[in-house]
Each structure stands twice: as C-alpha cells, then as structure tokens.
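Everything below belongs to entry-v6.cif, which stores mmCIF, N, CA and C atoms.
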```
data_input
loop_
_atom_site.label_atom_id
_atom_site.label_comp_id
_atom_site.auth_asym_id
_atom_site.auth_seq_id
_atom_site.Cartn_x
_atom_site.Cartn_y
_atom_site.Cartn_z
N MET A 28 -0.51 16.92 -6.19
CA MET A 28 0.27 15.74 -5.90
C MET A 28 -0.69 14.68 -5.32
N SER A 29 -0.59 13.46 -5.81
CA SER A 29 -1.45 12.40 -5.27
C SER A 29 -0.61 11.40 -4.49
N PHE A 30 -1.21 10.87 -3.44
CA PHE A 30 -0.52 9.92 -2.56
C PHE A 30 -1.38 8.68 -2.37
N GLN A 31 -0.73 7.53 -2.40
CA GLN A 31 -1.35 6.27 -1.99
C GLN A 31 -0.52 5.77 -0.81
N VAL A 32 -1.14 5.74 0.35
CA VAL A 32 -0.42 5.37 1.57
C VAL A 32 -0.88 4.01 2.03
N LYS A 33 0.08 3.17 2.39
CA LYS A 33 -0.23 1.88 2.98
C LYS A 33 0.51 1.78 4.31
N VAL A 34 -0.24 1.68 5.38
CA VAL A 34 0.36 1.44 6.70
C VAL A 34 0.70 -0.03 6.75
N VAL A 35 1.99 -0.34 6.90
CA VAL A 35 2.41 -1.75 6.87
C VAL A 35 2.60 -2.35 8.25
N LYS A 36 2.69 -1.50 9.28
CA LYS A 36 2.82 -2.02 10.63
C LYS A 36 2.32 -0.98 11.62
N LEU A 37 1.45 -1.41 12.52
CA LEU A 37 0.99 -0.59 13.63
C LEU A 37 1.63 -1.10 14.91
N PHE A 38 1.93 -0.20 15.81
CA PHE A 38 2.52 -0.58 17.10
C PHE A 38 1.55 -0.24 18.22
N THR A 39 1.74 -0.82 19.38
CA THR A 39 0.84 -0.58 20.50
C THR A 39 0.91 0.86 20.96
N ASP A 40 -0.14 1.29 21.64
CA ASP A 40 -0.20 2.67 22.13
C ASP A 40 0.88 2.97 23.15
N THR A 41 1.47 1.97 23.74
CA THR A 41 2.50 2.21 24.76
C THR A 41 3.86 2.52 24.15
N GLU A 42 4.03 2.27 22.87
CA GLU A 42 5.31 2.51 22.22
C GLU A 42 5.36 3.90 21.59
N LYS A 43 6.57 4.46 21.50
CA LYS A 43 6.73 5.76 20.84
C LYS A 43 6.58 5.64 19.33
N LEU A 44 7.09 4.55 18.76
CA LEU A 44 6.91 4.29 17.33
C LEU A 44 5.49 3.78 17.14
N LYS A 45 4.70 4.53 16.39
CA LYS A 45 3.28 4.20 16.23
C LYS A 45 2.99 3.41 14.97
N ALA A 46 3.71 3.71 13.87
CA ALA A 46 3.42 3.02 12.62
C ALA A 46 4.58 3.16 11.65
N ILE A 47 4.61 2.23 10.70
CA ILE A 47 5.52 2.31 9.56
C ILE A 47 4.66 2.25 8.32
N ALA A 48 4.94 3.16 7.38
CA ALA A 48 4.11 3.24 6.18
C ALA A 48 4.97 3.33 4.93
N ASN A 49 4.36 2.91 3.82
CA ASN A 49 4.93 3.09 2.49
C ASN A 49 4.01 4.04 1.74
N ILE A 50 4.56 4.78 0.81
CA ILE A 50 3.76 5.75 0.08
C ILE A 50 4.15 5.76 -1.39
N ILE A 51 3.17 5.87 -2.25
CA ILE A 51 3.41 6.05 -3.69
C ILE A 51 2.98 7.46 -4.04
N ILE A 52 3.85 8.18 -4.70
CA ILE A 52 3.61 9.58 -5.04
C ILE A 52 3.39 9.70 -6.55
N ASP A 53 2.24 10.28 -6.91
CA ASP A 53 1.88 10.53 -8.32
C ASP A 53 2.05 9.31 -9.21
N ASP A 54 1.75 8.13 -8.68
CA ASP A 54 1.86 6.88 -9.45
C ASP A 54 3.23 6.69 -10.08
N GLY A 55 4.27 7.34 -9.52
CA GLY A 55 5.58 7.24 -10.14
C GLY A 55 6.75 7.01 -9.21
N PHE A 56 6.56 7.30 -7.91
CA PHE A 56 7.66 7.14 -6.97
C PHE A 56 7.16 6.41 -5.73
N ALA A 57 7.94 5.45 -5.24
CA ALA A 57 7.59 4.73 -4.02
C ALA A 57 8.63 5.04 -2.95
N VAL A 58 8.14 5.29 -1.75
CA VAL A 58 9.01 5.53 -0.60
C VAL A 58 8.59 4.56 0.48
N HIS A 59 9.54 3.81 1.01
CA HIS A 59 9.27 2.78 2.01
C HIS A 59 9.81 3.18 3.37
N ASP A 60 9.21 2.62 4.39
CA ASP A 60 9.68 2.72 5.77
C ASP A 60 9.66 4.14 6.33
N ILE A 61 8.58 4.85 6.08
CA ILE A 61 8.36 6.15 6.73
C ILE A 61 7.76 5.85 8.10
N LYS A 62 8.31 6.47 9.14
CA LYS A 62 7.87 6.17 10.50
C LYS A 62 6.98 7.30 11.04
N ILE A 63 5.95 6.91 11.77
CA ILE A 63 5.13 7.85 12.52
C ILE A 63 5.48 7.63 13.98
N ILE A 64 5.96 8.70 14.63
CA ILE A 64 6.49 8.60 15.98
C ILE A 64 5.75 9.58 16.89
N ASP A 65 5.51 9.16 18.12
CA ASP A 65 4.86 10.00 19.11
C ASP A 65 5.95 10.61 20.00
N SER A 66 6.10 11.93 19.93
CA SER A 66 7.06 12.61 20.80
C SER A 66 6.30 13.15 22.00
N ASP A 67 6.98 13.84 22.88
CA ASP A 67 6.33 14.43 24.05
C ASP A 67 5.33 15.51 23.64
N LYS A 68 5.55 16.12 22.47
CA LYS A 68 4.69 17.22 22.02
C LYS A 68 3.55 16.75 21.13
N SER A 69 3.84 15.90 20.14
CA SER A 69 2.81 15.44 19.21
C SER A 69 3.38 14.34 18.32
N LEU A 70 2.53 13.86 17.41
CA LEU A 70 3.01 12.91 16.41
C LEU A 70 3.87 13.64 15.39
N PHE A 71 4.89 12.94 14.87
CA PHE A 71 5.66 13.50 13.77
C PHE A 71 6.08 12.38 12.84
N VAL A 72 6.51 12.77 11.65
CA VAL A 72 6.91 11.83 10.61
C VAL A 72 8.43 11.84 10.52
N ALA A 73 9.02 10.65 10.54
CA ALA A 73 10.47 10.49 10.36
C ALA A 73 10.69 9.83 9.01
N MET A 74 11.41 10.53 8.16
CA MET A 74 11.68 10.03 6.81
C MET A 74 12.73 8.91 6.86
N PRO A 75 12.75 8.06 5.84
CA PRO A 75 13.79 7.03 5.78
C PRO A 75 15.17 7.69 5.77
N SER A 76 16.10 7.07 6.46
CA SER A 76 17.43 7.67 6.56
C SER A 76 18.50 6.59 6.59
N VAL A 77 19.74 7.03 6.41
CA VAL A 77 20.91 6.16 6.52
C VAL A 77 21.87 6.79 7.52
N LYS A 78 22.66 5.94 8.15
CA LYS A 78 23.63 6.43 9.11
C LYS A 78 24.95 6.70 8.38
N ILE A 79 25.43 7.91 8.51
CA ILE A 79 26.71 8.30 7.93
C ILE A 79 27.57 8.80 9.08
N SER A 80 28.64 8.07 9.36
CA SER A 80 29.46 8.33 10.55
C SER A 80 28.58 8.24 11.78
N GLU A 81 28.49 9.30 12.54
CA GLU A 81 27.68 9.29 13.76
C GLU A 81 26.30 9.93 13.55
N LYS A 82 26.03 10.44 12.37
CA LYS A 82 24.77 11.13 12.12
C LYS A 82 23.88 10.34 11.18
N ARG A 83 22.59 10.66 11.20
CA ARG A 83 21.64 10.07 10.28
C ARG A 83 21.27 11.12 9.24
N LYS A 84 21.10 10.68 7.99
CA LYS A 84 20.76 11.59 6.91
C LYS A 84 19.54 11.04 6.19
N ASP A 85 18.51 11.92 6.02
CA ASP A 85 17.32 11.50 5.30
C ASP A 85 17.68 11.17 3.87
N ILE A 86 17.13 10.07 3.36
CA ILE A 86 17.36 9.72 1.96
C ILE A 86 16.19 10.13 1.09
N PHE A 87 15.13 10.60 1.74
CA PHE A 87 13.97 11.16 1.06
C PHE A 87 13.38 12.21 1.98
N HIS A 88 12.99 13.35 1.41
CA HIS A 88 12.32 14.37 2.20
C HIS A 88 11.70 15.41 1.28
N PRO A 89 10.60 16.02 1.71
CA PRO A 89 10.00 17.11 0.93
C PRO A 89 10.94 18.31 0.94
N ILE A 90 10.88 19.11 -0.12
CA ILE A 90 11.80 20.25 -0.19
C ILE A 90 11.14 21.59 0.10
N ASN A 91 9.83 21.58 0.36
CA ASN A 91 9.18 22.82 0.77
C ASN A 91 8.05 22.51 1.74
N ALA A 92 7.56 23.55 2.41
CA ALA A 92 6.56 23.38 3.46
C ALA A 92 5.25 22.81 2.93
N GLU A 93 4.82 23.23 1.75
CA GLU A 93 3.55 22.74 1.20
C GLU A 93 3.63 21.25 0.89
N ALA A 94 4.73 20.81 0.29
CA ALA A 94 4.90 19.39 -0.01
C ALA A 94 4.94 18.57 1.28
N ARG A 95 5.62 19.08 2.30
CA ARG A 95 5.68 18.38 3.60
C ARG A 95 4.28 18.28 4.20
N LYS A 96 3.52 19.36 4.14
CA LYS A 96 2.17 19.37 4.70
C LYS A 96 1.30 18.33 4.01
N GLN A 97 1.34 18.26 2.70
CA GLN A 97 0.54 17.29 1.96
C GLN A 97 0.94 15.86 2.30
N LEU A 98 2.23 15.62 2.37
CA LEU A 98 2.74 14.28 2.69
C LEU A 98 2.33 13.86 4.09
N VAL A 99 2.56 14.73 5.06
CA VAL A 99 2.24 14.42 6.45
C VAL A 99 0.73 14.21 6.62
N ASN A 100 -0.08 15.05 5.99
CA ASN A 100 -1.53 14.89 6.09
C ASN A 100 -1.98 13.54 5.53
N ALA A 101 -1.41 13.12 4.41
CA ALA A 101 -1.76 11.83 3.82
C ALA A 101 -1.35 10.68 4.74
N LEU A 102 -0.18 10.77 5.33
CA LEU A 102 0.30 9.72 6.23
C LEU A 102 -0.56 9.65 7.49
N PHE A 103 -0.85 10.80 8.11
CA PHE A 103 -1.66 10.81 9.32
C PHE A 103 -3.07 10.32 9.05
N ALA A 104 -3.63 10.67 7.89
CA ALA A 104 -4.99 10.21 7.54
C ALA A 104 -5.03 8.69 7.45
N ALA A 105 -4.04 8.10 6.80
CA ALA A 105 -3.99 6.64 6.68
C ALA A 105 -3.78 5.99 8.05
N TYR A 106 -2.92 6.56 8.85
CA TYR A 106 -2.66 6.04 10.21
C TYR A 106 -3.93 6.11 11.06
N ASN A 107 -4.60 7.26 11.04
CA ASN A 107 -5.81 7.43 11.84
C ASN A 107 -6.93 6.50 11.36
N GLU A 108 -7.01 6.27 10.07
CA GLU A 108 -8.02 5.35 9.53
C GLU A 108 -7.76 3.92 10.02
N CYS A 109 -6.51 3.51 10.01
CA CYS A 109 -6.17 2.17 10.50
C CYS A 109 -6.53 2.03 11.97
N LYS A 110 -6.21 3.06 12.75
CA LYS A 110 -6.53 3.01 14.18
C LYS A 110 -8.04 3.02 14.41
N ALA A 111 -8.76 3.86 13.68
CA ALA A 111 -10.21 3.98 13.85
C ALA A 111 -10.92 2.68 13.48
N ASN A 112 -10.40 2.00 12.48
CA ASN A 112 -10.99 0.74 12.05
C ASN A 112 -10.48 -0.44 12.85
N ASP A 113 -9.63 -0.11 13.85
CA ASP A 113 -9.05 -1.13 14.72
C ASP A 113 -8.36 -2.22 13.91
N GLN A 114 -7.66 -1.79 12.87
CA GLN A 114 -6.96 -2.74 12.02
C GLN A 114 -5.64 -3.14 12.66
N THR A 115 -5.35 -4.40 12.58
CA THR A 115 -4.04 -4.89 12.99
C THR A 115 -3.26 -5.12 11.70
N VAL A 116 -2.24 -4.33 11.50
CA VAL A 116 -1.47 -4.41 10.28
C VAL A 116 -0.08 -4.91 10.63
N ASP A 117 0.38 -5.89 9.89
CA ASP A 117 1.73 -6.40 10.13
C ASP A 117 2.23 -7.01 8.83
N GLY A 118 3.20 -6.36 8.22
CA GLY A 118 3.78 -6.85 6.98
C GLY A 118 3.33 -6.05 5.80
N GLU A 119 3.93 -6.33 4.65
CA GLU A 119 3.64 -5.58 3.45
C GLU A 119 2.70 -6.39 2.61
#
```
Step by step, read the file and then write its structure as structure tokens.
Amino acid sequence: MSFQVKVVKLFTDTEKLKAIANIIIDDGFAVHDIKIIDSDKSLFVAMPSVKISEKRKDIFHPINAEARKQLVNALFAAYNECKANDQTVDGE
C-alpha cells in the first residue's frame, strides 16, 4: 500500500491537537481531515468522523492491524518531518 501524506495544519506544542493531514492511498483514494492528537499516554490518530445522535462514527478507518500500522506510520512520519524542518503549515 502506498501513501502520500500532506500535513495541512500544525498546531502549537501546547495544544492537544497537533496536526491535521490529508492522505492519498494507492493513487486512488483521498482521505481528508485526519487528526494527530496528543493524549496523556502518546500520540494517536483520529479518523474523520460524523456525529450520529450523541456518538461519533468514523467515516474512514483501516479494517485490520497491519493496515492501521502502515497508515499511522505514514502519518507520523509526515508529521515528524514537518516538525523537524520547523515548517509552519496552514491550509491546503
């Protein structure tokens, strides 16, 4: 599986929301507004979702552990590269 990740917004280190990214998968599918969030334990990826009644439901998500690992690794690599290069990203 190939990924092209674009970090479209970075947030300050003081915020829990660290970045928003878009990703293209295998040159055939685009997913927008994936969030990278800092929890008390570590960084995690929040997939795009919609609110249904009182709950939120992911509208995109990997269906197995290997696909999730590949996706998360690609997102974190792009995020870390932006931070390392001290890039200020804002907008698409």
**Message:** Could you go through region 56-89 of chain A and tell me which residues DSSP, when run on the backbone, assigns to strand (DSSP E), listing them as a PyMOL selection string?
**Reply:** chain A and resi 56-65+70-73+76-79+82-85
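Residue nearest Asp53 (chain A), chosen from A:Ser69, A:Thr39, A:Asn107, A:Ser29 and counting only C-alpha atoms: A:Ser29.
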**Request:** Using all atoms listed in the file, determine which residues lie at most 8 Å from Gln31 (chain A), disregarding the query and same-chain residues fewer than 2 positions distant; provide the list as JSON, numbers by chain.
**Result:** {"A": [28, 29, 33, 34, 49, 50, 51, 52, 53, 54, 101, 102]}
**Atomic distance CA of Ala48 (chain A) - atom C of Ile79 (chain A), expressed in Å with one decimal** =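 Between CA of Ala48 (chain A) and atom C of Ile79 (chain A) the gap is 24.3 Å.
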**Message:** Using only C-alpha atoms - which residues lie no farther than 7 Å from the point (8.9, 7.5, 4.9) in the file's frame? Write them as number ranges by chain.
**Reply:** A: 48-49, 58-62, 73-75
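Interatomic distance, atom N of Asn112 (chain A) to atom C of Lys96 (chain A): 21.8 Å.
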